[in-house]
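One structure below.
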Amino acid sequence: MNPFISIMLLSTLVLSTMIVTISSHWLFAWIGLEMNMMAIIPIMMKKPTPRATEASTKYFLTQATASALLMLAIIINLMYSSQWTIMKLFNPTASILMTMALAIKLGLAPFHFWVPEVTQGIPLTTGLILLTWQKLAPISILYQISPSINLHLMITMSFLSILIGGWGGLNQTQLRKIMAYSSIAHMGWMTTILLYNPSLTMLNLLIYIIMTFTMFTLLAQNSTTTTLLLSQTWNTMPIMTTFTMLTLLSMGGLPPLTGFMPKWMIIQELTKNESLLLPTLMAITALLNLYFYMRLAYSTALTLFPSTNNMKMKWQFYPTKQMTLLPTAIVLSTMLLPLTPMFFILL
Amino acid sequence: MLKFIIPTIMLMPLTWLSKNNFIWVNTTTHSLLISFTSLLLLNQFNDNSLNYSLTFFSDSLSAPLLMLTMWLLPLTLMASQSHLTKEPLTRKKLYITMLITLQTLLIMTFTATELIMFYITFESTLIPTLIIITRWGNQPERLNAGLYFLFYTLMGSLPLLVALTYLQNTLGSLNFLLLQYWAQPLPISWSNTLMWLAYMMAFLVKMPLYGLHLWLPKAHVEAPIAGSMVLAAVLLKLGGYGMLRITSILSPMTEHMAHPFLVLSLWGMIMTSSICLRQTDLKSLIAYSSVSHMALVITAALIQTPWSYMGATALMIAHGLTSSMLFCLANSNYERTHSRTMILARGLQIFLPLMTTWWLLACLANLALPPTINLIGELLVITSTFSWSNLTIILMAMNILITALYSLYMLITTQRGKHSHHINNLTPSFTREHTLMALHIIPLLLLSLNPKIILGFLY
């Protein structure tokens, strides 16, 4: 893409999220979300293949619907509170509508259907932006309206997300769809704790972004988009197999890796609030996620996947792709557990 | 406790920076030296524990288990030398690193004071074990074995995390030393039933209990020798250790809740021993025998009498050494014939007579011959279960009989009788293998002179 256009779009993307996070007027936040959507659509169409067009169209339709619902909720809130400040909502209808609108934007179940299809149609780095950066704006609004969100709606949606994120990813071989289902499940964990302790939502979001960034960067090194291609990384970059396996195990939430930290903190917070069955069910459902991560870890690092003899003898060139922040990201996504107390000071 | 943990962690730079010919020598020697330092833990108080710091402590229950763990690392390194000869150097070092990581995590698990620290290191031992089984196992079934191992253990232990966090919120601290004095009796109710299950399932799956034991034959059979040794000798004992610790805060619920699990373990002990009589696969036989011995430990831990706790501890140590030795012997067979089928390598006494001595001693220890500590453990457990219910003596007697049967069956099939024709050109035993067996059996025999050390904290 023309570098000028690219810079303009990326800066609009960053600017729009900043507008959403710093605004105190509902209209301004809505404008930020619209700008966000508008900016990312051309980025998704970098290579104008029919698949990318389909993905962009689906993204546009769902996000536009969500923005319309959001506007409706804002107006109802205006009707009942006569002010436009972003704070807790004053009407249960407005609260439910806004929660659902933001759930559509985030990709929480039962509004998750667009996430795998959109993620699959776009290149890896754009998928990274979609699954990490695009979550910041809706979660910041959710954080601000969290005192008024309906508990039942939220818990239902988040538990359903964890279930669907786990189950949906089981039948996938395309890595982008796997990351999409992983995103749905992690969003479920994040929104569960929103009504009890929103700082933990932020912690989970931070750790999730680090881990997803690591995963996507590792995948982009070899431009692998399917499990089959992933199984051939041992040939070109053997050390990447170890890192991919460790990051996958971390995303599955296994101690002593970082991914265990948000799950542990969320379980602790939920038990402090006297709900014991919910965290148990959530933790057990997260094992579904772990299953397909394990499958990927197997095909990458632990076994020699069946492949033709041609593919076993690749040339090992010096890597020319830029590994932006990859070593930092890998260390952060695997070794951060002993630093858990630090995050309570940060947040 | 850092005097054990830091040297063990430093074994990793030792592996990676040693000269090529010296990796095995260096790591084995240094891990042997580190294991000698663990003998310092024998200086236990009778009525208290050695509290080294806020995070680590050791008492008469964890000290023998710790010594077992640390003794086992040089043995696993010695046992792995032969099957890794053909691997490139980096992979050898990776394998040793996995063993060392596992060792560090096990030391931290056995000495953890805070129960969440125990939980985290308990779960963390899964990852190196999984990598050892899946990466270095020999058959395609190892993939399934790794998944079964991981998921069975995780399904059991995730409720434990929730239960431990709940306990922290109600009691205020999960420091084990404080917990012993602060614990309130757990009244009998439906929700407390679920709580009891949440605490115990993790350890019951790890032990394993008879109905949840499916992962064990798979994992033991498919793992390479070091994996099998460390699984059988130490990882199973993690479950036993956890149960012995956690039952102290769960009374009087345990008397009410333990009945189904007692039935399962008593029945399972006989079932798995009987299955051993029909096994063709040598490693599978030893794996099922592990389930059978551990069922005794579960029974002992659930009855909660002083003698049963002593028996459980003694049985854990004894079984650790015996089972590990049996796996080493099976591996020496495997390395020669590349098959685990028992009848393919029979009549070995003619060809490898000195190995027969080790086979004999291991099988005799397995069937709990006096005066080994296996017998002391089993006898204490049998007497205490008899006091719990008179009828169990029938089951226990049957178990002893069937254990003796399959141990002798294993001995006679592999050593005695007419040899098979294709094994005339077996390589003779290496000194390394003899050293390995000797280092297993000598502690076992010496402990029968002073079993007081391994009788746990209710002695």
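Ordering of the structure tokens sets the chain letters (A, B, ...), residue numbers begin anew at 1 in every chain, and ligands are numbered from 1 in the order given.
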Discussion item. Using only C-alpha atoms, I'd like every residue of chain B that has an atom within 6 Å of chain A; please write them out as a VMD selection string.
Written reply: chain B and resid 120 124 135 159 165 to 166
Selection file, N, CA, C and O atoms, as a PDB file, in the first residue's frame:
ATOM      1  N   ILE B 120       0.969 -24.205  42.336  1.00  0.00           N
ATOM      2  CA  ILE B 120       1.588 -23.726  41.097  1.00  0.00           C
ATOM      3  C   ILE B 120       2.729 -24.634  40.681  1.00  0.00           C
ATOM      4  O   ILE B 120       2.846 -25.018  39.508  1.00  0.00           O
ATOM      5  N   SER B 124       3.151 -27.034  37.516  1.00  0.00           N
ATOM      6  CA  SER B 124       4.262 -26.776  36.611  1.00  0.00           C
ATOM      7  C   SER B 124       5.044 -28.026  36.295  1.00  0.00           C
ATOM      8  O   SER B 124       5.710 -28.081  35.264  1.00  0.00           O
ATOM      9  N   ARG B 135       8.103 -35.668  23.320  1.00  0.00           N
ATOM     10  CA  ARG B 135       9.184 -35.413  22.394  1.00  0.00           C
ATOM     11  C   ARG B 135      10.103 -36.610  22.262  1.00  0.00           C
ATOM     12  O   ARG B 135      10.602 -36.911  21.196  1.00  0.00           O
ATOM     13  N   PRO B 159     -10.380 -27.609  40.058  1.00  0.00           N
ATOM     14  CA  PRO B 159     -11.205 -27.364  41.249  1.00  0.00           C
ATOM     15  C   PRO B 159     -10.378 -27.144  42.502  1.00  0.00           C
ATOM     16  O   PRO B 159     -10.807 -26.417  43.406  1.00  0.00           O
ATOM     17  N   THR B 165      -8.328 -21.101  46.910  1.00  0.00           N
ATOM     18  CA  THR B 165      -8.602 -19.659  47.004  1.00  0.00           C
ATOM     19  C   THR B 165      -9.737 -19.413  47.976  1.00  0.00           C
ATOM     20  O   THR B 165      -9.701 -18.463  48.757  1.00  0.00           O
ATOM     21  N   TYR B 166     -10.751 -20.295  47.962  1.00  0.00           N
ATOM     22  CA  TYR B 166     -11.845 -20.129  48.916  1.00  0.00           C
ATOM     23  C   TYR B 166     -11.340 -20.271  50.343  1.00  0.00           C
ATOM     24  O   TYR B 166     -11.715 -19.512  51.243  1.00  0.00           O
TER      25      TYR B 166
END
Worksheet item: Could you pull out all residues of segment 75-290 of chain B with a DSSP call of alpha helix (DSSP H) and give them as a PyMOL selection string?
Response: chain B and resi 75-80+89-111+115-124+126-136+142-171+176-182+190-206+215-222+225-230+236-246+253-257+259-276+282-290
Worksheet item: Which of these, A:Lys177, A:Phe317, A:Asn77, A:Ala297, has the shortest distance to Ile131 of chain B once you count only C-alpha atoms?
Response: A:Ala297
Practice prompt. Have a look at atom CA of Thr334 of chain A and atom CA of Phe243 of chain A and let me know their distance in Å, one decimal.
Written response: 9.1 Å
Worksheet item: Which distance in Å separates atom CA of Gln63 of chain A and atom CA of Gly165 of chain A, to one decimal?
Response: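 If I compute the distance from atom CA of Gln63 of chain A to atom CA of Gly165 of chain A, I get 19.9 Å.
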Item to complete: For atom CA of Leu128 of chain A and atom CA of Thr225 of chain A, determine how far apart the two atoms are, in Å to one decimal place.
Response: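 Between these atoms lies a distance of 12.7 Å.
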Discussion item. For segment 303-317 of chain B, find every residue with an atom within 8 Å (counting only C-alpha atoms), except residues of its own chain fewer than 6 positions away, and show them as a ChimeraX atom specification.
Written reply: /B:61,64-65,68,237,240,244,247,255,258,293-294,296-297,373-374,376-381,384-385,388,451,454-459
Requested write-out: N, CA and C atoms of the selected residues, as an mmCIF file, in the first residue's frame:
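Saved as selection12.cif:
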data_model
loop_
_atom_site.group_PDB
_atom_site.id
_atom_site.type_symbol
_atom_site.label_atom_id
_atom_site.label_comp_id
_atom_site.auth_asym_id
_atom_site.auth_seq_id
_atom_site.Cartn_x
_atom_site.Cartn_y
_atom_site.Cartn_z
ATOM 1 N N LEU B 61 7.594 -35.644 56.853
ATOM 2 C CA LEU B 61 6.931 -36.245 55.694
ATOM 3 C C LEU B 61 7.634 -35.844 54.409
ATOM 4 N N PRO B 64 11.851 -37.341 53.585
ATOM 5 C CA PRO B 64 12.200 -38.547 52.814
ATOM 6 C C PRO B 64 11.822 -38.418 51.344
ATOM 7 N N LEU B 65 10.677 -37.764 51.042
ATOM 8 C CA LEU B 65 10.274 -37.604 49.646
ATOM 9 C C LEU B 65 11.268 -36.730 48.912
ATOM 10 N N LEU B 68 14.296 -38.742 48.205
ATOM 11 C CA LEU B 68 14.027 -39.633 47.077
ATOM 12 C C LEU B 68 14.140 -38.889 45.758
ATOM 13 N N LYS B 237 3.970 -39.781 43.895
ATOM 14 C CA LYS B 237 4.033 -39.477 45.326
ATOM 15 C C LYS B 237 3.585 -38.065 45.623
ATOM 16 N N GLY B 240 0.186 -38.502 46.756
ATOM 17 C CA GLY B 240 0.147 -39.015 48.112
ATOM 18 C C GLY B 240 0.508 -37.959 49.132
ATOM 19 N N LEU B 244 -1.876 -36.551 52.107
ATOM 20 C CA LEU B 244 -1.523 -36.616 53.523
ATOM 21 C C LEU B 244 -1.542 -35.222 54.155
ATOM 22 N N THR B 247 -5.567 -33.752 54.157
ATOM 23 C CA THR B 247 -6.593 -34.387 54.985
ATOM 24 C C THR B 247 -6.584 -33.836 56.403
ATOM 25 N N GLU B 255 -14.289 -38.867 57.124
ATOM 26 C CA GLU B 255 -14.865 -40.163 57.497
ATOM 27 C C GLU B 255 -16.166 -40.401 56.765
ATOM 28 N N ALA B 258 -15.177 -40.600 52.596
ATOM 29 C CA ALA B 258 -14.106 -41.415 52.019
ATOM 30 C C ALA B 258 -14.573 -42.766 51.544
ATOM 31 N N HIS B 293 -0.012 -50.557 44.086
ATOM 32 C CA HIS B 293 0.645 -50.120 45.327
ATOM 33 C C HIS B 293 0.111 -48.792 45.796
ATOM 34 N N MET B 294 -0.164 -47.898 44.827
ATOM 35 C CA MET B 294 -0.658 -46.582 45.221
ATOM 36 C C MET B 294 -2.058 -46.666 45.775
ATOM 37 N N LEU B 296 -3.018 -48.803 47.826
ATOM 38 C CA LEU B 296 -2.794 -49.006 49.264
ATOM 39 C C LEU B 296 -2.545 -47.678 49.962
ATOM 40 N N VAL B 297 -1.764 -46.824 49.296
ATOM 41 C CA VAL B 297 -1.458 -45.525 49.906
ATOM 42 C C VAL B 297 -2.716 -44.693 50.038
ATOM 43 N N ILE B 373 11.507 -52.286 53.460
ATOM 44 C CA ILE B 373 10.553 -51.279 53.912
ATOM 45 C C ILE B 373 9.212 -51.407 53.194
ATOM 46 N N ASN B 374 9.209 -52.112 52.040
ATOM 47 C CA ASN B 374 7.921 -52.368 51.402
ATOM 48 C C ASN B 374 7.022 -53.133 52.353
ATOM 49 N N ILE B 376 7.222 -53.210 55.615
ATOM 50 C CA ILE B 376 6.830 -52.386 56.766
ATOM 51 C C ILE B 376 5.636 -51.513 56.384
ATOM 52 N N GLY B 377 5.725 -50.900 55.184
ATOM 53 C CA GLY B 377 4.609 -50.074 54.749
ATOM 54 C C GLY B 377 3.337 -50.885 54.632
ATOM 55 N N GLU B 378 3.427 -52.006 53.914
ATOM 56 C CA GLU B 378 2.212 -52.777 53.683
ATOM 57 C C GLU B 378 1.635 -53.308 54.973
ATOM 58 N N LEU B 379 2.513 -53.762 55.865
ATOM 59 C CA LEU B 379 2.024 -54.324 57.124
ATOM 60 C C LEU B 379 1.292 -53.286 57.937
ATOM 61 N N LEU B 380 1.859 -52.067 58.013
ATOM 62 C CA LEU B 380 1.197 -51.006 58.772
ATOM 63 C C LEU B 380 -0.145 -50.667 58.159
ATOM 64 N N VAL B 381 -0.189 -50.618 56.805
ATOM 65 C CA VAL B 381 -1.457 -50.276 56.157
ATOM 66 C C VAL B 381 -2.484 -51.373 56.392
ATOM 67 N N SER B 384 -3.852 -51.255 59.920
ATOM 68 C CA SER B 384 -4.758 -50.135 60.192
ATOM 69 C C SER B 384 -6.075 -50.291 59.461
ATOM 70 N N THR B 385 -6.052 -50.855 58.231
ATOM 71 C CA THR B 385 -7.338 -51.064 57.569
ATOM 72 C C THR B 385 -8.125 -52.160 58.270
ATOM 73 N N TRP B 388 -9.969 -50.545 60.809
ATOM 74 C CA TRP B 388 -11.080 -49.748 60.275
ATOM 75 C C TRP B 388 -12.267 -50.648 59.947
ATOM 76 N N PRO B 451 14.227 -47.897 59.518
ATOM 77 C CA PRO B 451 13.051 -47.366 58.838
ATOM 78 C C PRO B 451 12.429 -46.171 59.532
ATOM 79 N N ILE B 454 11.750 -42.957 57.451
ATOM 80 C CA ILE B 454 10.720 -42.809 56.433
ATOM 81 C C ILE B 454 9.329 -43.013 56.973
ATOM 82 N N LEU B 455 9.198 -43.055 58.287
ATOM 83 C CA LEU B 455 7.867 -43.336 58.815
ATOM 84 C C LEU B 455 7.017 -42.092 58.997
ATOM 85 N N GLY B 456 7.509 -40.930 58.563
ATOM 86 C CA GLY B 456 6.613 -39.790 58.507
ATOM 87 C C GLY B 456 6.445 -39.064 59.814
ATOM 88 N N PHE B 457 5.468 -38.140 59.821
ATOM 89 C CA PHE B 457 5.423 -37.203 60.929
ATOM 90 C C PHE B 457 4.560 -37.675 62.090
ATOM 91 N N LEU B 458 4.000 -38.872 62.004
ATOM 92 C CA LEU B 458 3.227 -39.317 63.155
ATOM 93 C C LEU B 458 3.944 -40.398 63.929
ATOM 94 N N TYR B 459 5.270 -40.556 63.680
ATOM 95 C CA TYR B 459 6.027 -41.614 64.333
ATOM 96 C C TYR B 459 6.243 -41.306 65.802
#
Practice prompt. Within 12 Å of Leu332 of chain A, counting only C-alpha atoms, which residues show up once you throw out same-chain ones fewer than 2 positions away? Write them as an MDAnalysis selection string, please.
Written response: chainID A and resid 206:215 243 246:247 250 257:259 325:330 334:340
Fill in: Residues within 9 Å of segment 121-124 of chain A, only C-alpha atoms, excluding chain neighbours under 6 positions, as a ChimeraX atom specification
/A:44-47,49-56,176,216-217,219-220,223-225
Item to complete: Tell me which of B:Ser157, B:Leu178, B:Leu14, B:Leu235 sits closest to Leu106 of chain B, counting only C-alpha atoms.
Response: B:Leu235
